[in-house]
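Worksheet: the structure to be examined is printed underneath.
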Amino acid sequence: DINKRKEAEEILRIEQELALALIEASDLTETLNICLDAAINVSGMDSGGLYVVNDNSGDLDLKVHSGLPADFVLSASHYEVDSPSARRVMEGYPIYTHYKNLGIPLPKSRLKENLLAVAIIPIQYHGKVIANLNIASHTLDNIPVQSQRALETIGSLIGGAIMRSKAEKKLKESETYYKALFEHSGAATVIIGEDTTISLANTEFEKLSGYPREEIEGIMSWTEFVAKEDMGKMKE
């Protein structure tokens, strides 16, 4: 069937573009928005949201959303770990159904949105649920099997992307912390390369040496700041 082949090719194209876009994403919010947009496009649905599991409490927090009104988003922005919705996600298997058939209590603010088909895709990483992708439609009554497979493929990419983004954030925070320690140590401090060139110098060293940082870093050697008679002792 030509239409099915074209549909499969389009899904593959979206998945490939998603993988490339995730490499360039700068932070977790951008990562999640890219993933949500791809999931909506690949499934033919028109709305959805991405939740991330809180590392400390286990609660589900809505991080990004699309195609839903403010009152709906507000009522669905947080699920405690022991809530029916969170427990269902933590079971770890995808659900494809009609919104009114979810089997959980739904407030009026959500029922009046008249959502039809819905997909709930728990996102796992090394066997642990770390996030959840919800995709819904205002016009479609069901999600084709091919779209279900595409959503689950995207879900597998999301898990790795989230963990990579979190790791990069922690690394940046750690770098910022140690740079602050280096800069505000209260003493003239430098970092020296194997060839004796000063790679980093703090403000106190600028003051002590009388040189601006841009004339020191990557240009001058520490040996230029040591008296000849002390050079032997310093090299030891």
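For the structure tokens, the naming scheme is as follows: chains receive sequential letters (A, B, ...) according to their order of presentation, residues are indexed from 1 within each chain, and ligands are indexed from 1 in presentation order.
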
task: Give the strand (DSSP E or B) residues of region 76-126 of chain A, as DSSP finds them on the backbone, and put them as a ChimeraX atom specification.
output: /A:78-79,95-98,117-125

field: Contacts of Glu24 (chain A) within 12 Å, only C-alpha atoms, excl. fewer than 6 positions in-chain, as a ChimeraX atom specification
entry: /A:17-18,30-31,34,161,164-165

Atoms to include: C-alpha atoms. Write the selected residues as a CSV table (one decimal), in the first residue's frame.
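This is the output file part11.csv:
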chain,number,residue,atom,x,y,z
A,17,GLU,CA,15.2,14.7,12.8
A,18,LEU,CA,14.3,14.3,16.5
A,30,GLU,CA,14.2,22.7,25.1
A,31,THR,CA,14.8,18.9,25.0
A,34,ILE,CA,11.4,19.1,20.9
A,161,ALA,CA,17.8,12.7,26.2
A,164,ARG,CA,21.8,13.5,29.3
A,165,SER,CA,20.3,16.9,29.9

query: Hey, what's within 7 Å of Val118 (chain A) if we count only C-alpha atoms and toss same-chain stuff fewer than 4 positions away? As a PyMOL selection string, please?
result: chain A and resi 96-99+135-137

May I have the residues within 9 Å of region 77-81 of chain A as a tab-separated table (two decimals) with N, CA, C and O atoms, in the first residue's frame, using only C-alpha atoms and disregarding those fewer than 6 positions away in the same chain?
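Output contents, as saved in result13.tsv:
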chain	number	residue	atom	x	y	z
A	51	TYR	N	5.66	14.94	31.36
A	51	TYR	CA	5.90	14.99	32.80
A	51	TYR	C	7.28	14.41	33.11
A	51	TYR	O	7.74	13.49	32.44
A	53	VAL	N	9.46	12.77	36.44
A	53	VAL	CA	9.35	12.26	37.81
A	53	VAL	C	10.33	13.01	38.71
A	53	VAL	O	11.52	13.10	38.41
A	57	SER	N	10.67	13.09	45.52
A	57	SER	CA	9.34	12.68	45.99
A	57	SER	C	8.71	11.56	45.16
A	57	SER	O	7.84	10.84	45.65
A	58	GLY	N	9.13	11.44	43.90
A	58	GLY	CA	8.49	10.47	43.01
A	58	GLY	C	7.23	11.01	42.36
A	58	GLY	O	6.57	10.30	41.60
A	59	ASP	N	6.87	12.27	42.67
A	59	ASP	CA	5.69	12.90	42.06
A	59	ASP	C	5.93	13.16	40.57
A	59	ASP	O	7.08	13.23	40.12
A	60	LEU	N	4.84	13.33	39.83
A	60	LEU	CA	4.92	13.68	38.41
A	60	LEU	C	4.64	15.16	38.23
A	60	LEU	O	3.60	15.66	38.67
A	61	ASP	N	5.56	15.88	37.61
A	61	ASP	CA	5.41	17.32	37.38
A	61	ASP	C	5.38	17.60	35.88
A	61	ASP	O	6.27	17.18	35.15
A	62	LEU	N	4.35	18.33	35.45
A	62	LEU	CA	4.23	18.70	34.04
A	62	LEU	C	5.27	19.76	33.71
A	62	LEU	O	5.30	20.83	34.31
A	63	LYS	N	6.12	19.49	32.74
A	63	LYS	CA	7.20	20.41	32.37
A	63	LYS	C	6.91	21.20	31.09
A	63	LYS	O	7.25	22.37	31.00
A	87	ARG	N	0.32	6.18	39.81
A	87	ARG	CA	0.50	4.73	39.98
A	87	ARG	C	0.38	4.02	38.63
A	87	ARG	O	1.12	3.08	38.35
A	90	MET	N	3.59	4.53	36.70
A	90	MET	CA	4.71	3.78	37.27
A	90	MET	C	4.65	2.28	36.97
A	90	MET	O	5.63	1.57	37.17

field: Pick from A:Asp141, A:Glu183, A:Asp82, A:Asp71 nearest to Leu111 (chain A), counting only C-alpha atoms
entry: A:Asp71

- prompt: Of the candidates A:Leu151, A:Ala25, A:Leu74, A:Val190, which one gets nearest to Ser109 (chain A) if we count only C-alpha atoms?
  reply: A:Leu74

query: Using only C-alpha atoms, which of the listed residues (A:Asn142, A:Gln124, A:Thr176, A:Gln148) sits closest to Gly160 (chain A)?
result: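 Among A:Asn142, A:Gln124, A:Thr176, A:Gln148, it is A:Gln124 that comes nearest to Gly160 (chain A).
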
- request: Once DSSP has gone over the backbone, tell me which residues of region 9-105 of chain A are in alpha helix (DSSP H), as JSON, numbers by chain.
  value: {"A": [9, 10, 11, 12, 13, 14, 15, 16, 17, 18, 19, 20, 21, 22, 23, 24, 28, 29, 30, 31, 32, 33, 34, 35, 36, 37, 38, 39, 40, 41, 42, 43, 70, 71, 72, 73, 74, 75, 84, 85, 86, 87, 88, 89, 90]}

Gln16 (chain A) environment, 12 Å, only C-alpha atoms, sequence neighbours closer than 6 positions dropped, as a PyMOL selection string: chain A and resi 9-10+22-23+35+38+42+150+153-154+157

Give me a file of those residues, with all heavy atoms, as a PDB file, in the first residue's frame.
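This is the output file out_30.pdb:
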ATOM      1  N   GLU A   9       7.591   6.231   5.877  1.00  0.00           N
ATOM      2  CA  GLU A   9       8.757   7.054   5.526  1.00  0.00           C
ATOM      3  C   GLU A   9       8.722   8.388   6.275  1.00  0.00           C
ATOM      4  O   GLU A   9       9.763   8.882   6.727  1.00  0.00           O
ATOM      5  CB  GLU A   9       8.804   7.287   4.018  1.00  0.00           C
ATOM      6  CG  GLU A   9       9.154   6.038   3.223  1.00  0.00           C
ATOM      7  CD  GLU A   9       9.016   6.240   1.715  1.00  0.00           C
ATOM      8  OE1 GLU A   9       8.506   7.325   1.318  1.00  0.00           O
ATOM      9  OE2 GLU A   9       9.407   5.344   0.954  1.00  0.00           O
ATOM     10  N   GLU A  10       7.541   8.967   6.416  1.00  0.00           N
ATOM     11  CA  GLU A  10       7.391  10.243   7.115  1.00  0.00           C
ATOM     12  C   GLU A  10       7.700  10.078   8.606  1.00  0.00           C
ATOM     13  O   GLU A  10       8.370  10.916   9.218  1.00  0.00           O
ATOM     14  CB  GLU A  10       5.963  10.774   6.936  1.00  0.00           C
ATOM     15  CG  GLU A  10       5.656  12.063   7.683  1.00  0.00           C
ATOM     16  CD  GLU A  10       6.474  13.251   7.199  1.00  0.00           C
ATOM     17  OE1 GLU A  10       7.135  13.144   6.140  1.00  0.00           O
ATOM     18  OE2 GLU A  10       6.473  14.281   7.889  1.00  0.00           O
ATOM     19  N   LEU A  22      17.884  16.582  19.238  1.00  0.00           N
ATOM     20  CA  LEU A  22      18.185  16.349  20.655  1.00  0.00           C
ATOM     21  C   LEU A  22      19.664  16.537  20.958  1.00  0.00           C
ATOM     22  O   LEU A  22      20.028  16.936  22.062  1.00  0.00           O
ATOM     23  CB  LEU A  22      17.732  14.942  21.058  1.00  0.00           C
ATOM     24  CG  LEU A  22      16.214  14.735  21.136  1.00  0.00           C
ATOM     25  CD1 LEU A  22      15.895  13.287  21.464  1.00  0.00           C
ATOM     26  CD2 LEU A  22      15.593  15.662  22.162  1.00  0.00           C
ATOM     27  N   ILE A  23      20.509  16.260  19.980  1.00  0.00           N
ATOM     28  CA  ILE A  23      21.952  16.439  20.178  1.00  0.00           C
ATOM     29  C   ILE A  23      22.280  17.910  20.409  1.00  0.00           C
ATOM     30  O   ILE A  23      23.169  18.253  21.184  1.00  0.00           O
ATOM     31  CB  ILE A  23      22.728  15.899  18.953  1.00  0.00           C
ATOM     32  CG1 ILE A  23      22.559  14.376  18.847  1.00  0.00           C
ATOM     33  CG2 ILE A  23      24.212  16.265  19.040  1.00  0.00           C
ATOM     34  CD1 ILE A  23      23.135  13.787  17.583  1.00  0.00           C
ATOM     35  N   CYS A  35      10.827  16.981  21.942  1.00  0.00           N
ATOM     36  CA  CYS A  35      10.247  15.636  22.000  1.00  0.00           C
ATOM     37  C   CYS A  35       8.725  15.675  21.885  1.00  0.00           C
ATOM     38  O   CYS A  35       8.123  14.864  21.171  1.00  0.00           O
ATOM     39  CB  CYS A  35      10.645  14.953  23.307  1.00  0.00           C
ATOM     40  SG  CYS A  35      12.410  14.568  23.447  1.00  0.00           S
ATOM     41  N   ALA A  38       7.629  16.475  18.326  1.00  0.00           N
ATOM     42  CA  ALA A  38       7.841  15.315  17.452  1.00  0.00           C
ATOM     43  C   ALA A  38       6.762  14.265  17.675  1.00  0.00           C
ATOM     44  O   ALA A  38       6.250  13.667  16.722  1.00  0.00           O
ATOM     45  CB  ALA A  38       9.226  14.719  17.700  1.00  0.00           C
ATOM     46  N   VAL A  42       4.236  13.004  14.779  1.00  0.00           N
ATOM     47  CA  VAL A  42       4.334  11.632  14.292  1.00  0.00           C
ATOM     48  C   VAL A  42       3.033  10.857  14.502  1.00  0.00           C
ATOM     49  O   VAL A  42       2.727   9.913  13.761  1.00  0.00           O
ATOM     50  CB  VAL A  42       5.512  10.899  14.974  1.00  0.00           C
ATOM     51  CG1 VAL A  42       5.139  10.402  16.362  1.00  0.00           C
ATOM     52  CG2 VAL A  42       5.996   9.724  14.124  1.00  0.00           C
ATOM     53  N   ALA A 150       5.499   4.336  16.620  1.00  0.00           N
ATOM     54  CA  ALA A 150       6.340   5.526  16.476  1.00  0.00           C
ATOM     55  C   ALA A 150       6.442   6.275  17.797  1.00  0.00           C
ATOM     56  O   ALA A 150       7.517   6.754  18.178  1.00  0.00           O
ATOM     57  CB  ALA A 150       5.767   6.434  15.396  1.00  0.00           C
ATOM     58  N   THR A 153       8.801   4.488  20.043  1.00  0.00           N
ATOM     59  CA  THR A 153      10.186   4.721  19.611  1.00  0.00           C
ATOM     60  C   THR A 153      10.674   6.076  20.106  1.00  0.00           C
ATOM     61  O   THR A 153      11.793   6.203  20.623  1.00  0.00           O
ATOM     62  CB  THR A 153      10.290   4.665  18.071  1.00  0.00           C
ATOM     63  OG1 THR A 153       9.897   3.370  17.619  1.00  0.00           O
ATOM     64  CG2 THR A 153      11.723   4.940  17.622  1.00  0.00           C
ATOM     65  N   ILE A 154       9.818   7.086  19.948  1.00  0.00           N
ATOM     66  CA  ILE A 154      10.169   8.421  20.442  1.00  0.00           C
ATOM     67  C   ILE A 154      10.355   8.382  21.958  1.00  0.00           C
ATOM     68  O   ILE A 154      11.270   9.000  22.510  1.00  0.00           O
ATOM     69  CB  ILE A 154       9.083   9.445  20.042  1.00  0.00           C
ATOM     70  CG1 ILE A 154       9.187   9.728  18.545  1.00  0.00           C
ATOM     71  CG2 ILE A 154       9.227  10.739  20.838  1.00  0.00           C
ATOM     72  CD1 ILE A 154       8.094  10.632  18.012  1.00  0.00           C
ATOM     73  N   LEU A 157      13.737   7.352  22.933  1.00  0.00           N
ATOM     74  CA  LEU A 157      14.734   8.417  22.735  1.00  0.00           C
ATOM     75  C   LEU A 157      14.657   9.462  23.853  1.00  0.00           C
ATOM     76  O   LEU A 157      15.670  10.013  24.272  1.00  0.00           O
ATOM     77  CB  LEU A 157      14.512   9.103  21.384  1.00  0.00           C
ATOM     78  CG  LEU A 157      14.764   8.274  20.121  1.00  0.00           C
ATOM     79  CD1 LEU A 157      14.344   9.054  18.886  1.00  0.00           C
ATOM     80  CD2 LEU A 157      16.238   7.893  20.028  1.00  0.00           C
TER      81      LEU A 157
END

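Comparing the minimum interatomic distances between Ser83 (chain A) and each of A:Thr203, A:Ile104, A:Ala21, A:Phe225, counting only C-alpha atoms, we find that A:Ile104 sits nearest.
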
message: For Ser43 (chain A), find every residue with an atom within 7 Å (counting only C-alpha atoms), except residues of its own chain fewer than 2 positions away, and show them as JSON, numbers by chain.
response: {"A": [39, 40, 41, 45, 147, 151]}

Could you give me, as a compact mmCIF listing (two decimals) with C-alpha atoms, in the first residue's frame, the residues within 9 Å of Glu113 (chain A), counting only C-alpha atoms and dropping anything in the same chain fewer than 2 positions from it?
# COMPACT_ATOMS: atom_id res chain seq x y z
CA LEU A 68 -4.38 22.63 25.88
CA PRO A 69 -6.14 25.54 27.67
CA PHE A 72 -6.83 22.11 31.87
CA LYS A 108 -14.97 19.16 34.83
CA SER A 109 -12.13 21.39 33.61
CA ARG A 110 -10.75 18.41 31.73
CA LEU A 111 -13.97 16.73 30.66
CA LEU A 115 -10.57 14.98 24.25
CA HIS A 138 -9.72 16.50 19.82

message: For a test of reading the model, state the distance in Å between CA of Lys172 (chain A) and CA of Gly127 (chain A), rounded to one decimal.
response: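 We find that CA of Lys172 (chain A) and CA of Gly127 (chain A) lie 26.7 Å from each other.
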